[in-house]
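> Below you'll find run-v8.cif; it's mmCIF, C-alpha atoms.
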```
data_coords
loop_
_atom_site.group_PDB
_atom_site.id
_atom_site.type_symbol
_atom_site.label_atom_id
_atom_site.label_comp_id
_atom_site.auth_asym_id
_atom_site.auth_seq_id
_atom_site.Cartn_x
_atom_site.Cartn_y
_atom_site.Cartn_z
ATOM 1 C CA PRO A 337 83.925 -34.386 -12.673
ATOM 2 C CA MET A 338 81.528 -31.722 -11.446
ATOM 3 C CA GLN A 339 81.052 -30.804 -7.825
ATOM 4 C CA ARG A 340 78.261 -28.618 -6.548
ATOM 5 C CA TRP A 341 77.039 -27.443 -3.181
ATOM 6 C CA ASP A 342 74.296 -25.216 -1.837
ATOM 7 C CA GLN A 343 74.307 -22.445 0.711
ATOM 8 C CA ILE A 344 71.245 -20.856 2.290
ATOM 9 C CA ILE A 345 71.285 -17.051 1.932
ATOM 10 C CA ALA A 346 68.843 -14.212 2.602
ATOM 11 C CA ASN A 347 66.267 -13.772 -0.149
ATOM 12 C CA PRO A 348 67.415 -10.769 -2.241
ATOM 13 C CA CYS A 349 63.811 -10.319 -3.388
ATOM 14 C CA GLY A 350 62.037 -10.049 -0.051
ATOM 15 C CA ASP A 351 61.217 -12.316 2.883
ATOM 16 C CA GLY A 352 62.412 -15.843 3.341
ATOM 17 C CA TYR A 353 65.530 -17.389 1.972
ATOM 18 C CA ALA A 354 67.214 -18.296 -1.302
ATOM 19 C CA ILE A 355 69.728 -20.903 -2.334
ATOM 20 C CA GLN A 356 73.163 -19.979 -3.654
ATOM 21 C CA ARG A 357 74.373 -22.937 -5.700
ATOM 22 C CA VAL A 358 78.078 -23.238 -6.502
ATOM 23 C CA TYR A 359 79.308 -25.298 -9.461
ATOM 24 C CA GLU A 360 82.943 -26.422 -9.609
ATOM 25 C CA PRO A 361 84.049 -28.516 -12.593
ATOM 26 C CA ARG A 362 87.519 -30.051 -12.587
ATOM 27 C CA ASP A 363 89.379 -31.614 -15.505
ATOM 28 C CA GLU A 364 91.750 -34.565 -15.382
ATOM 29 C CA CYS A 365 94.740 -32.231 -15.092
ATOM 30 C CA GLY A 366 93.397 -30.626 -11.939
ATOM 31 C CA ASN A 367 92.261 -27.326 -13.535
ATOM 32 C CA ILE A 368 89.248 -25.864 -11.757
ATOM 33 C CA SER A 369 86.639 -23.245 -12.660
ATOM 34 C CA ARG A 370 83.739 -22.019 -10.562
ATOM 35 C CA ASP A 371 80.353 -20.453 -11.182
ATOM 36 C CA THR A 372 77.368 -19.653 -8.997
ATOM 37 C CA SER A 373 73.629 -19.233 -9.357
ATOM 38 C CA ILE A 374 70.938 -17.974 -7.016
ATOM 39 C CA ILE A 375 67.701 -19.935 -6.793
ATOM 40 C CA ILE A 376 64.672 -18.001 -5.568
ATOM 41 C CA GLN A 377 61.459 -19.880 -4.997
ATOM 42 C CA ASN A 378 58.099 -18.615 -6.280
ATOM 43 C CA ASP A 379 59.178 -15.174 -7.569
ATOM 44 C CA ASN A 380 56.499 -14.349 -10.140
ATOM 45 C CA ILE A 381 56.264 -10.626 -9.400
ATOM 46 C CA PRO A 382 57.481 -8.384 -12.280
ATOM 47 C CA PRO A 383 59.853 -5.510 -11.436
ATOM 48 C CA GLU A 384 58.323 -2.054 -11.064
ATOM 49 C CA MET A 385 59.646 1.061 -12.828
ATOM 50 C CA MET A 386 59.109 4.817 -12.696
ATOM 51 C CA PHE A 387 60.267 7.753 -14.816
ATOM 52 C CA VAL A 388 63.099 9.759 -13.213
ATOM 53 C CA ASP A 389 64.187 11.971 -16.121
ATOM 54 C CA PRO A 390 62.964 15.568 -15.485
ATOM 55 C CA ARG A 391 61.749 15.786 -19.091
ATOM 56 C CA LEU A 392 59.253 13.020 -18.286
ATOM 57 C CA GLU A 393 57.911 14.560 -15.095
ATOM 58 C CA GLY A 394 54.161 13.999 -14.909
ATOM 59 C CA VAL A 395 54.180 11.678 -17.941
ATOM 60 C CA GLU A 396 52.260 8.418 -17.655
ATOM 61 C CA ASP A 397 52.832 5.114 -19.400
ATOM 62 C CA GLY A 398 51.527 5.372 -22.983
ATOM 63 C CA ASP A 399 51.351 9.198 -23.104
ATOM 64 C CA THR A 400 52.331 11.230 -26.192
ATOM 65 C CA ILE A 401 54.558 14.295 -25.772
ATOM 66 C CA LEU A 402 56.532 16.788 -27.886
ATOM 67 C CA GLN A 403 60.308 16.648 -27.614
ATOM 68 C CA GLU A 404 63.035 18.734 -29.240
ATOM 69 C CA CYS A 405 65.354 16.608 -31.347
ATOM 70 C CA GLU A 406 68.585 15.577 -29.586
ATOM 71 C CA LEU A 407 70.450 13.356 -32.022
ATOM 72 C CA SER A 408 72.892 11.127 -30.130
ATOM 73 C CA ASP A 409 74.153 7.604 -30.862
ATOM 74 C CA ASP A 410 71.509 7.245 -33.599
ATOM 75 C CA TYR A 411 68.715 8.185 -31.159
ATOM 76 C CA LEU A 412 66.552 11.218 -31.981
ATOM 77 C CA THR A 413 65.259 11.974 -28.497
ATOM 78 C CA GLY A 414 68.310 11.930 -26.236
ATOM 79 C CA PHE A 415 66.736 9.384 -23.865
ATOM 80 C CA ASP A 416 68.346 6.135 -22.726
ATOM 81 C CA GLU A 417 68.159 3.535 -19.943
ATOM 82 C CA SER A 418 68.813 6.163 -17.256
ATOM 83 C CA ALA A 419 65.407 7.820 -17.863
ATOM 84 C CA VAL A 420 63.731 5.186 -15.668
ATOM 85 C CA GLU A 421 64.502 3.542 -12.356
ATOM 86 C CA ILE A 422 63.470 0.200 -10.909
ATOM 87 C CA THR A 423 61.498 0.806 -7.697
ATOM 88 C CA ASP A 424 60.784 -2.834 -6.881
ATOM 89 C CA ASP A 425 61.810 -4.276 -3.517
ATOM 90 C CA CYS A 426 63.941 -6.753 -5.424
ATOM 91 C CA THR A 427 66.637 -4.951 -7.440
ATOM 92 C CA GLU A 428 69.279 -7.675 -7.142
ATOM 93 C CA GLY A 429 70.344 -8.709 -10.647
ATOM 94 C CA THR A 430 67.805 -6.490 -12.426
ATOM 95 C CA ARG A 431 68.555 -4.784 -15.714
ATOM 96 C CA ILE A 432 66.852 -2.313 -18.054
ATOM 97 C CA ASN A 433 66.763 -2.393 -21.847
ATOM 98 C CA PHE A 434 65.915 0.735 -23.861
ATOM 99 C CA GLU A 435 64.615 0.908 -27.432
ATOM 100 C CA GLU A 436 63.658 3.872 -29.617
ATOM 101 C CA ILE A 437 61.316 2.823 -32.428
ATOM 102 C CA ILE A 438 60.742 5.223 -35.326
ATOM 103 C CA LEU A 439 57.075 4.863 -36.277
ATOM 104 C CA GLU A 440 56.936 7.584 -38.924
ATOM 105 C CA THR A 441 59.225 10.197 -40.448
ATOM 106 C CA GLY A 442 58.173 13.605 -41.724
ATOM 107 C CA ASP A 443 59.516 16.804 -43.261
ATOM 108 C CA CYS A 444 58.470 19.175 -40.446
ATOM 109 C CA SER A 445 55.498 20.405 -42.500
ATOM 110 C CA ASP A 446 52.965 18.631 -40.261
ATOM 111 C CA GLY A 447 53.016 20.734 -37.110
ATOM 112 C CA GLY A 448 56.804 20.884 -37.247
ATOM 113 C CA VAL A 449 57.061 17.155 -36.536
ATOM 114 C CA LEU A 450 60.222 15.541 -37.887
ATOM 115 C CA ALA A 451 59.456 12.019 -36.667
ATOM 116 C CA ARG A 452 57.074 10.071 -34.470
ATOM 117 C CA THR A 453 58.745 7.570 -32.190
ATOM 118 C CA GLN A 454 57.923 5.119 -29.441
ATOM 119 C CA LEU A 455 60.306 4.750 -26.524
ATOM 120 C CA VAL A 456 60.177 1.405 -24.722
ATOM 121 C CA TRP A 457 61.908 0.536 -21.454
ATOM 122 C CA THR A 458 61.871 -3.139 -20.444
ATOM 123 C CA ALA A 459 62.928 -4.265 -16.956
ATOM 124 C CA TYR A 460 64.148 -7.809 -16.265
ATOM 125 C CA ASP A 461 64.744 -9.447 -12.896
ATOM 126 C CA ILE A 462 66.905 -12.458 -12.155
ATOM 127 C CA CYS A 463 63.884 -14.778 -12.289
ATOM 128 C CA GLY A 464 62.946 -13.753 -15.820
ATOM 129 C CA ASN A 465 59.989 -11.576 -14.855
ATOM 130 C CA THR A 466 59.586 -8.486 -17.058
ATOM 131 C CA SER A 467 57.678 -5.209 -17.145
ATOM 132 C CA GLN A 468 57.535 -2.294 -19.590
ATOM 133 C CA LEU A 469 57.031 1.452 -19.748
ATOM 134 C CA SER A 470 56.532 3.267 -23.039
ATOM 135 C CA VAL A 471 56.060 6.828 -24.284
ATOM 136 C CA PHE A 472 55.170 8.126 -27.741
ATOM 137 C CA ILE A 473 57.145 11.196 -28.799
ATOM 138 C CA ASP A 474 56.563 13.673 -31.610
ATOM 139 C CA VAL A 475 60.085 14.860 -32.387
ATOM 140 C CA VAL A 476 60.395 18.507 -33.474
ATOM 141 C CA ASP A 477 63.389 20.607 -34.485
ATOM 142 C CA ASN A 478 63.139 24.293 -33.633
ATOM 143 C CA THR A 479 66.850 24.781 -32.929
ATOM 144 C CA LEU A 480 69.010 26.842 -35.279
ATOM 145 C CA PRO A 481 72.202 25.360 -36.720
ATOM 146 C CA GLU A 482 75.478 26.606 -35.267
ATOM 147 C CA LEU A 483 78.693 27.867 -36.902
ATOM 148 C CA PRO A 484 81.403 26.704 -34.490
ATOM 149 C CA GLY A 485 84.637 28.660 -34.653
ATOM 150 C CA PHE A 486 83.104 31.278 -36.932
ATOM 151 C CA GLU A 487 84.950 34.636 -37.051
ATOM 152 C CA GLU A 488 83.384 37.782 -38.459
ATOM 153 C CA GLU A 489 86.720 39.265 -39.530
ATOM 154 C CA VAL A 490 89.807 37.385 -40.719
ATOM 155 C CA ARG A 491 93.159 38.384 -42.233
ATOM 156 C CA ILE A 492 95.047 36.036 -44.560
ATOM 157 C CA ARG A 493 97.941 36.189 -47.034
ATOM 158 C CA CYS A 494 97.276 35.988 -50.739
ATOM 159 C CA ASP A 495 98.690 32.436 -50.858
ATOM 160 C CA GLN A 496 96.316 31.171 -48.176
ATOM 161 C CA GLN A 497 92.922 29.551 -48.615
ATOM 162 C CA LEU A 498 89.739 31.212 -47.431
ATOM 163 C CA PRO A 499 88.660 29.986 -43.978
ATOM 164 C CA GLU A 500 86.662 26.766 -43.946
ATOM 165 C CA ILE A 501 83.068 27.150 -42.822
ATOM 166 C CA VAL A 502 81.681 24.384 -40.585
ATOM 167 C CA ALA A 503 78.061 24.055 -39.502
ATOM 168 C CA THR A 504 76.538 21.684 -36.940
ATOM 169 C CA ASP A 505 72.968 20.933 -35.902
ATOM 170 C CA ASN A 506 71.196 19.187 -33.046
ATOM 171 C CA CYS A 507 69.316 16.898 -35.415
ATOM 172 C CA GLY A 508 71.356 15.979 -38.478
ATOM 173 C CA GLU A 509 72.982 17.381 -41.564
ATOM 174 C CA VAL A 510 73.208 21.054 -42.501
ATOM 175 C CA GLU A 511 73.307 22.621 -45.974
ATOM 176 C CA ILE A 512 75.802 25.489 -46.247
ATOM 177 C CA ASP A 513 75.479 28.217 -48.874
ATOM 178 C CA ILE A 514 78.232 30.858 -49.298
ATOM 179 C CA ASN A 515 77.896 33.978 -51.428
ATOM 180 C CA GLU A 516 81.088 35.996 -51.929
ATOM 181 C CA ILE A 517 81.687 39.550 -53.111
ATOM 182 C CA ILE A 518 85.181 40.908 -53.779
ATOM 183 C CA GLU A 519 85.948 44.543 -52.941
ATOM 184 C CA GLU A 520 89.246 46.016 -54.123
ATOM 185 C CA GLY A 521 91.465 47.571 -51.478
ATOM 186 C CA ASP A 522 93.313 50.881 -51.451
ATOM 187 C CA CYS A 523 96.670 49.267 -52.306
ATOM 188 C CA SER A 524 97.658 47.079 -55.231
ATOM 189 C CA GLY A 525 97.160 43.362 -54.510
ATOM 190 C CA GLU A 526 94.913 44.021 -51.505
ATOM 191 C CA PHE A 527 91.221 43.199 -51.477
ATOM 192 C CA ASP A 528 88.426 42.080 -49.173
ATOM 193 C CA VAL A 529 86.188 39.079 -49.620
ATOM 194 C CA ILE A 530 82.727 39.688 -48.166
ATOM 195 C CA ARG A 531 81.091 36.333 -47.460
ATOM 196 C CA VAL A 532 77.445 35.779 -46.605
ATOM 197 C CA ILE A 533 77.086 32.318 -45.032
ATOM 198 C CA THR A 534 73.694 30.613 -44.738
ATOM 199 C CA ALA A 535 73.334 27.324 -42.839
ATOM 200 C CA THR A 536 69.979 25.533 -43.191
ATOM 201 C CA ASP A 537 68.905 22.350 -41.400
ATOM 202 C CA GLN A 538 66.382 19.766 -42.569
ATOM 203 C CA CYS A 539 63.475 21.578 -40.869
ATOM 204 C CA GLY A 540 64.284 24.926 -42.484
ATOM 205 C CA ASN A 541 65.909 26.536 -39.437
ATOM 206 C CA VAL A 542 68.463 29.068 -40.729
ATOM 207 C CA MET A 543 71.624 30.531 -39.218
ATOM 208 C CA THR A 544 73.403 33.292 -41.143
ATOM 209 C CA GLY A 545 76.794 34.882 -40.736
ATOM 210 C CA LEU A 546 78.638 37.770 -42.389
ATOM 211 C CA GLN A 547 82.397 37.353 -42.705
ATOM 212 C CA THR A 548 84.985 39.816 -44.014
ATOM 213 C CA VAL A 549 88.288 38.308 -45.141
ATOM 214 C CA HIS A 550 91.108 40.833 -45.614
ATOM 215 C CA VAL A 551 93.651 39.578 -48.166
#
```
Show this structure as structure tokens.


Amino acid sequence: PMQRWDQIIANPCGDGYAIQRVYEPRDECGNISRDTSIIIQNDNIPPEMMFVDPRLEGVEDGDTILQECELSDDYLTGFDESAVEITDDCTEGTRINFEEIILETGDCSDGGVLARTQLVWTAYDICGNTSQLSVFIDVVDNTLPELPGFEEEVRIRCDQQLPEIVATDNCGEVEIDINEIIEEGDCSGEFDVIRVITATDQCGNVMTGLQTVHV
């Protein structure tokens, strides 16, 4: 059997009251579970949102802006749900959904643009009312790759491998090119490996490094 009862509570969405309805089903063995719902009458007002991320200061709904690539969790722009805030009087039970839509991809040759995206934030309240904010972003990549852990001078034994070169980038994969020149040392069995490292990202930004390995 199912039991249910109502309790009058303050309206979480403004003036007046709401109904908190409690459901309590019970099986024939006496096991009980409980759930609740809040019933708000005549709430047809969609939630309101505003941009709170400093990078979106002064930006209006539907604007187009330039943004440096910030690849994170498959997003190119580094934005997420926290870029907006619900400012409606009724925030009880509200939630925000974020979506980054890639409209077009490029090769950085058109004004340095790597991709054109649309960011969409959708707010939902507990009554099913929704509202949206969106921004169009031309994603650019003007940041050089990095060589983390890179050392300009290294000493190794003759039975050791040359140091591994690792490159990272703010916006994707990096192509690494290494040119090596061997210079004989003063003593037998000693030599230096002069390495010129070039790391290039997909927009042609280049980081170079010169490494001397004493063997």

> Find the residue from A:Val551, A:Ile473, A:Val420, A:Leu392 that sits nearest to Gln497 (chain A); use all atoms listed in the file when measuring.

A:Val551

> Name all residues at most 7 Å from region 456-469 of chain A (count only C-alpha atoms; drop same-chain ones fewer than 2 positions away) and give them as a ChimeraX atom specification.

/A:379-384,397,429-436,454,471

> Return as a short mmCIF file (atom, residue, chain, number, x, y, z; two decimals) with C-alpha atoms, keeping the file's coordinate frame the set of residues that the PyMOL selection byres ((chain A and resi 442) around 12) yields on the displayed structure.


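Written out: selection_20.cif:
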```cif
data_model
loop_
_atom_site.label_atom_id
_atom_site.label_comp_id
_atom_site.auth_asym_id
_atom_site.auth_seq_id
_atom_site.Cartn_x
_atom_site.Cartn_y
_atom_site.Cartn_z
CA ILE A 438 60.74 5.22 -35.33
CA LEU A 439 57.08 4.86 -36.28
CA GLU A 440 56.94 7.58 -38.92
CA THR A 441 59.22 10.20 -40.45
CA ASP A 443 59.52 16.80 -43.26
CA CYS A 444 58.47 19.18 -40.45
CA SER A 445 55.50 20.40 -42.50
CA ASP A 446 52.96 18.63 -40.26
CA GLY A 447 53.02 20.73 -37.11
CA GLY A 448 56.80 20.88 -37.25
CA VAL A 449 57.06 17.16 -36.54
CA LEU A 450 60.22 15.54 -37.89
CA ALA A 451 59.46 12.02 -36.67
CA ARG A 452 57.07 10.07 -34.47
CA THR A 453 58.74 7.57 -32.19
CA ASP A 474 56.56 13.67 -31.61
CA VAL A 475 60.08 14.86 -32.39
CA VAL A 476 60.40 18.51 -33.47
CA ASP A 477 63.39 20.61 -34.48
CA GLN A 538 66.38 19.77 -42.57
CA CYS A 539 63.48 21.58 -40.87
#
```

> For the point (95.1, 40.5, -50.2) in the file's frame, write as a ChimeraX atom specification all residues with an atom no more than 6 Å away, counting all atoms listed in the file.

/A:494,525-527,551

> Just the number, please: distance in Å from CA of Asn367 (chain A) to CA of Ile355 (chain A), one decimal.

26.0 Å

> Expressed in Å to a single decimal, how great is the separation between CA of Asp371 (chain A) and CA of Arg340 (chain A)?

9.6 Å

> For CA of Val388 (chain A) and CA of Glu421 (chain A), determine how far apart the two atoms are, in Å to one decimal place.

6.4 Å

> Could you give me, as a PyMOL selection string, the residues within 7 Å of Glu360 (chain A), counting all atoms listed in the file and dropping anything in the same chain fewer than 6 positions from it?

chain A and resi 338-340+368-371

> Between A:Ser418, A:Ala354, A:Pro481, A:Tyr359, single out the one closest to Trp341 (chain A), counting all atoms listed in the file.

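Of all the options, A:Tyr359 lies closest to Trp341 (chain A).
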
> Applying 12 Å and only C-alpha atoms, which residues near Gly485 (chain A) remain after dropping the ones on its own chain fewer than 3 positions away? List them as a count of residues only.

11

> Here's a test: counting all atoms listed in the file, identify every protein, DNA and RNA residue with an atom at most 10 Å from (52.0, 16.6, -25.7) in the file's coordinate frame, and state them as a list in words.

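Those residues, ordered by chain and then number, are Val395, Asp399, Thr400, Ile401, Leu402, Gln403, Phe472, Ile473 and Asp474 of chain A.
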